[in-house]
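Novice: Sharing a structure, written as structure tokens. Questions coming.
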Amino acid sequence: MKIVAKTDRGYVRESNQDAYAVGEFSDEVVWAVVCDGMGGAAGGNIASALAVKVISDKINASYRENMRDVSIKNMLDFALTAANIEVYDMADAKPELHGMGTTVVCAIVRDNQAFIAHAGDSRAYVLSGGNIRQITTDHSMVQDLLSRGKITDEQAANHPNKNIITRAVGVDKSIEIDFDQLDLDDESALLLCTDGLSNYVTNDEIIELVSDGKHYAFADRLVQKANANGGGDNITVVVISK
């Protein structure tokens with residue numbers, strides 16, 4: 001299993017409020033977590049970094065070889081819930097951090113299966129055979145409008161409220177986590193990213209950038225393309241492949 005990752009401030013933001021971590025338990029089991037903080041420069045940085053640390057620690061402490069699928073799901077749910085409590089409690093205790101929170105997308109890939117948990121608009125995609133498929137569904141105002149047929153895909157891409165998310169770690173005392181489980185073949189790659197990539201690089205551009213199969217270059221190329229297309233937000237990319 002191969003994993004590449006990169007984060008970048010972009011060209012517009014004064015600081016990088018994204019955070020990520022990756023790791024492996026064996027040649028066939030890897031994990032990754034990507035967060036995009038919000039709530040002002042200090043708050044966003046703290047929320048994303050804290051969430052990444054808590055989730056990483058929980059995964060490393062809890063994962064066991066030969067875990068059942070349902071146990072992996074429960075472990076991810078527990079890890080993200082623990083992160084929610086930590087971020088919420090810190091924001092509640094420090095007035096200058098009130099309102100901080102972070103999106104999260106987290107994955108464990110074992111053999112040919114991916115287990116994905118998320119909250120917010122950081123995304124997971126599968127890249128395979130010249131195609132791209134979005135796995136996660138954004139928790140955002142624009143996605144809600146899109147799902148209800150109130151706006152078109154084209155309107156969603158340029159909507160003035162596309163940065164408003166409806167679910168995030170640390171904003172409320174409790175959090176609802178969405179979970180996906182899917183099979184991957186040997187030619188598939190799993191892409192985790194913040195909206196600094198998905199808002200600035202089109203699906204067709206992503207496919208073109210990974211079409212030669214040079215896995216080691218994927219993260220660099222995608223970040224460079226997001227910056228070339230404006231770099232209006234922090235950019236974080238993780239790609240996992242066989």
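Identifiers for the structure tokens are assigned positionally: chains receive A, B, ... in sequence, residues are indexed from 1 per chain, and ligands are indexed from 1 in the order shown.
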If we count only C-alpha atoms, what is near Gly39 in chain A at a cut-off of 8 Å, once residues fewer than 4 positions away on the same chain are taken out, given as a ChimeraX atom specification?
Specialist: /A:43-44,97-101
Novice: Using only C-alpha atoms, which protein or nucleic acid residues come within 6 Å of range 122-134 of chain A? Drop anything in the same chain fewer than 2 positions from it, and give the result as a JSON list (two decimals) with all heavy atoms, in the first residue's frame.
Specialist:
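Printed below is part_7.json as written:
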```json
[["chain", "number", "residue", "atom", "x", "y", "z"],
["A", 105, "VAL", "N", -12.37, 14.24, 7.34],
["A", 105, "VAL", "CA", -12.58, 13.03, 6.57],
["A", 105, "VAL", "C", -11.45, 12.08, 6.96],
["A", 105, "VAL", "O", -10.29, 12.46, 6.99],
["A", 105, "VAL", "CB", -12.64, 13.28, 5.05],
["A", 105, "VAL", "CG1", -11.36, 13.91, 4.52],
["A", 105, "VAL", "CG2", -12.97, 11.99, 4.31],
["A", 120, "GLY", "N", -18.71, 17.40, 7.53],
["A", 120, "GLY", "CA", -18.31, 18.64, 6.87],
["A", 120, "GLY", "C", -18.16, 18.46, 5.38],
["A", 120, "GLY", "O", -18.75, 17.56, 4.78],
["A", 136, "THR", "N", -18.07, 10.69, -0.43],
["A", 136, "THR", "CA", -18.73, 11.42, 0.65],
["A", 136, "THR", "C", -19.72, 12.44, 0.09],
["A", 136, "THR", "O", -19.58, 12.90, -1.04],
["A", 136, "THR", "CB", -17.70, 12.14, 1.52],
["A", 136, "THR", "OG1", -16.88, 12.97, 0.68],
["A", 136, "THR", "CG2", -16.83, 11.15, 2.26],
["A", 188, "SER", "N", -7.38, 0.98, -8.24],
["A", 188, "SER", "CA", -8.06, 2.13, -7.64],
["A", 188, "SER", "C", -7.14, 2.91, -6.71],
["A", 188, "SER", "O", -6.22, 2.35, -6.11],
["A", 188, "SER", "CB", -9.29, 1.69, -6.87],
["A", 188, "SER", "OG", -10.23, 1.08, -7.71],
["A", 189, "ALA", "N", -7.42, 4.19, -6.57],
["A", 189, "ALA", "CA", -6.76, 5.02, -5.57],
["A", 189, "ALA", "C", -7.84, 5.78, -4.79],
["A", 189, "ALA", "O", -8.88, 6.14, -5.35],
["A", 189, "ALA", "CB", -5.79, 6.01, -6.22],
["A", 190, "LEU", "N", -7.59, 5.99, -3.51],
["A", 190, "LEU", "CA", -8.50, 6.75, -2.66],
["A", 190, "LEU", "C", -7.90, 8.13, -2.44],
["A", 190, "LEU", "O", -6.75, 8.26, -2.01],
["A", 190, "LEU", "CB", -8.70, 6.04, -1.33],
["A", 190, "LEU", "CG", -9.66, 6.69, -0.34],
["A", 190, "LEU", "CD1", -11.10, 6.63, -0.86],
["A", 190, "LEU", "CD2", -9.56, 6.03, 1.03],
["A", 191, "LEU", "N", -8.67, 9.16, -2.74],
["A", 191, "LEU", "CA", -8.24, 10.55, -2.56],
["A", 191, "LEU", "C", -9.04, 11.19, -1.44],
["A", 191, "LEU", "O", -10.27, 11.20, -1.48],
["A", 191, "LEU", "CB", -8.45, 11.33, -3.87],
["A", 191, "LEU", "CG", -8.38, 12.86, -3.81],
["A", 191, "LEU", "CD1", -6.99, 13.33, -3.41],
["A", 191, "LEU", "CD2", -8.81, 13.47, -5.14],
["A", 192, "LEU", "N", -8.35, 11.72, -0.43],
["A", 192, "LEU", "CA", -8.95, 12.53, 0.62],
["A", 192, "LEU", "C", -8.47, 13.95, 0.43],
["A", 192, "LEU", "O", -7.28, 14.17, 0.17],
["A", 192, "LEU", "CB", -8.56, 12.03, 2.01],
["A", 192, "LEU", "CG", -8.77, 10.55, 2.34],
["A", 192, "LEU", "CD1", -8.35, 10.28, 3.79],
["A", 192, "LEU", "CD2", -10.20, 10.12, 2.10],
["A", 193, "CYS", "N", -9.36, 14.94, 0.60],
["A", 193, "CYS", "CA", -8.93, 16.32, 0.38],
["A", 193, "CYS", "C", -9.83, 17.31, 1.10],
["A", 193, "CYS", "O", -10.97, 17.00, 1.44],
["A", 193, "CYS", "CB", -8.90, 16.65, -1.11],
["A", 193, "CYS", "SG", -10.53, 16.64, -1.91],
["A", 194, "THR", "N", -9.30, 18.50, 1.30],
["A", 194, "THR", "CA", -10.10, 19.62, 1.78],
["A", 194, "THR", "C", -10.68, 20.38, 0.58],
["A", 194, "THR", "O", -10.33, 20.11, -0.58],
["A", 194, "THR", "CB", -9.25, 20.57, 2.64],
["A", 194, "THR", "OG1", -8.14, 21.06, 1.86],
["A", 194, "THR", "CG2", -8.72, 19.86, 3.88],
["A", 195, "ASP", "N", -11.56, 21.34, 0.86],
["A", 195, "ASP", "CA", -12.21, 22.04, -0.24],
["A", 195, "ASP", "C", -11.28, 22.99, -0.98],
["A", 195, "ASP", "O", -11.64, 23.53, -2.02],
["A", 195, "ASP", "CB", -13.48, 22.76, 0.23],
["A", 195, "ASP", "CG", -13.22, 23.86, 1.24],
["A", 195, "ASP", "OD1", -12.10, 23.96, 1.77],
["A", 195, "ASP", "OD2", -14.16, 24.64, 1.52]]
```
Novice: Smallest atom-to-atom distance to Asp92 in chain A: which of A:Ala21, A:Met75, A:Met1, A:Val171, using only C-alpha atoms?
Specialist: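 Comparing A:Ala21, A:Met75, A:Met1, A:Val171 against Asp92 in chain A, the winner is A:Val171.
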Novice: Let me make sure I understand: among A:Glu187, A:Asp69, A:Lys53, A:Glu176, which one has the smallest atom-to-atom distance to Asp212 in chain A if we use only C-alpha atoms?
Specialist: A:Glu187
Novice: Tell me, which residues of range 35-144 of chain A carry DSSP helix (DSSP H, G or I), written as a VMD selection string?
Specialist: chain A and resid 40 to 62 69 to 93 95 to 97 141 to 144
Novice: Which one of A:Arg110, A:Tyr200, A:Asn66, A:Ile175 sits closest to Gly231 in chain A if you count only C-alpha atoms?
Specialist: A:Tyr200
Novice: For Ala228 in chain A, find every residue with an atom within 10 Å (counting only C-alpha atoms), except residues of its own chain fewer than 2 positions away, and show them as a list in words.
Specialist: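 Once the adjacent positions are removed, what remains is Gly10, Tyr11, Tyr200, Val201, Leu222, Val223, Gln224, Lys225, Ala226, Gly230, Gly231 and Gly232 of chain A.
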Novice: Would you mind writing down, as an MDAnalysis selection string, each residue of range 83-221 of chain A that DSSP on the backbone assigns to strand (DSSP E)?
Specialist: chainID A and resid 101:110 113:119 123:128 131:134 178:183 189:193
Novice: Export, as a PDB file, in the first residue's frame, the selected residues with C-alpha atoms.
Specialist:
```pdb
ATOM      1  CA  GLY A 101     -14.523  23.774  14.676  1.00  0.00           C
ATOM      2  CA  THR A 102     -13.194  21.624  11.882  1.00  0.00           C
ATOM      3  CA  THR A 103     -14.322  19.400   9.064  1.00  0.00           C
ATOM      4  CA  VAL A 104     -12.948  15.876   9.015  1.00  0.00           C
ATOM      5  CA  VAL A 105     -12.582  13.029   6.570  1.00  0.00           C
ATOM      6  CA  CYS A 106     -10.902   9.907   7.886  1.00  0.00           C
ATOM      7  CA  ALA A 107     -10.153   6.559   6.257  1.00  0.00           C
ATOM      8  CA  ILE A 108      -8.748   3.154   7.045  1.00  0.00           C
ATOM      9  CA  VAL A 109      -7.813   1.062   4.028  1.00  0.00           C
ATOM     10  CA  ARG A 110      -7.361  -2.641   4.694  1.00  0.00           C
ATOM     11  CA  GLN A 113     -11.593  -2.257   1.461  1.00  0.00           C
ATOM     12  CA  ALA A 114     -11.885   1.367   2.519  1.00  0.00           C
ATOM     13  CA  PHE A 115     -13.702   2.484   5.658  1.00  0.00           C
ATOM     14  CA  ILE A 116     -14.474   6.211   5.576  1.00  0.00           C
ATOM     15  CA  ALA A 117     -15.957   8.528   8.215  1.00  0.00           C
ATOM     16  CA  HIS A 118     -16.596  12.233   7.701  1.00  0.00           C
ATOM     17  CA  ALA A 119     -18.315  15.397   8.840  1.00  0.00           C
ATOM     18  CA  ARG A 123     -14.167  14.816   0.724  1.00  0.00           C
ATOM     19  CA  ALA A 124     -13.216  11.288  -0.277  1.00  0.00           C
ATOM     20  CA  TYR A 125     -13.043  10.225  -3.922  1.00  0.00           C
ATOM     21  CA  VAL A 126     -12.165   6.981  -5.674  1.00  0.00           C
ATOM     22  CA  LEU A 127      -9.990   7.262  -8.779  1.00  0.00           C
ATOM     23  CA  SER A 128     -10.127   4.236 -11.074  1.00  0.00           C
ATOM     24  CA  ASN A 131     -12.885   7.898 -13.780  1.00  0.00           C
ATOM     25  CA  ILE A 132     -13.484   9.754 -10.527  1.00  0.00           C
ATOM     26  CA  ARG A 133     -16.311   9.111  -8.090  1.00  0.00           C
ATOM     27  CA  GLN A 134     -17.124  11.224  -5.042  1.00  0.00           C
ATOM     28  CA  ASP A 178     -21.457   9.664   8.149  1.00  0.00           C
ATOM     29  CA  PHE A 179     -19.820   6.359   7.303  1.00  0.00           C
ATOM     30  CA  ASP A 180     -19.014   4.675   3.987  1.00  0.00           C
ATOM     31  CA  GLN A 181     -17.510   1.280   3.254  1.00  0.00           C
ATOM     32  CA  LEU A 182     -16.419   0.298  -0.234  1.00  0.00           C
ATOM     33  CA  ASP A 183     -14.345  -2.188  -2.153  1.00  0.00           C
ATOM     34  CA  ALA A 189      -6.759   5.022  -5.569  1.00  0.00           C
ATOM     35  CA  LEU A 190      -8.499   6.752  -2.665  1.00  0.00           C
ATOM     36  CA  LEU A 191      -8.236  10.549  -2.560  1.00  0.00           C
ATOM     37  CA  LEU A 192      -8.955  12.525   0.617  1.00  0.00           C
ATOM     38  CA  CYS A 193      -8.927  16.320   0.376  1.00  0.00           C
TER      39      CYS A 193
END
```
Novice: Could you pull the residues within 7 Å of range 233-235 of chain A, counting only C-alpha atoms, minus those fewer than 3 positions along the same chain, as JSON, numbers by chain?
Specialist: {"A": [7, 8, 9, 10, 12, 13, 16, 17, 18, 194, 196, 197, 223]}
Novice: Would you mind telling me which residue in A:Asp121, A:Asp89, A:Asp57, A:Asp77 lies nearest to Asn199 in chain A when using only C-alpha atoms?
Specialist: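 Nearest to Asn199 in chain A: A:Asp121.
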Novice: Have a look at CA of Lys73 in chain A and CA of Ile59 in chain A and let me know their distance in Å, one decimal.
Specialist: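 Value for the CA of Lys73 in chain A-CA of Ile59 in chain A distance: 11.2 Å.
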Novice: Could you please determine the separation between CA of Ile55 in chain A and CA of Ala79 in chain A in Å, to one decimal place?
Specialist: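 Value for the CA of Ile55 in chain A-CA of Ala79 in chain A distance: 4.9 Å.
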Novice: Find the distance between CA of Asn161 in chain A and CA of Asp138 in chain A and write it in Å to one decimal.
Specialist: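 So the answer is 13.3 Å.
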Novice: Compile the contact shell of Ala51 in chain A as a PyMOL selection string: residues with an atom at most 8 Å away, counting only C-alpha atoms, same-chain residues fewer than 4 positions apart removed.
Specialist: chain A and resi 35+47+55+80+83-84+86-87+102+169
Novice: Restricting the calculation to only C-alpha atoms: of A:Arg221, A:Ile177, A:His139, A:Ser71, which residue gets closest to Leu209 in chain A?
Specialist: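 Of A:Arg221, A:Ile177, A:His139, A:Ser71, the one nearest Leu209 in chain A, counting only C-alpha atoms, is A:Arg221.
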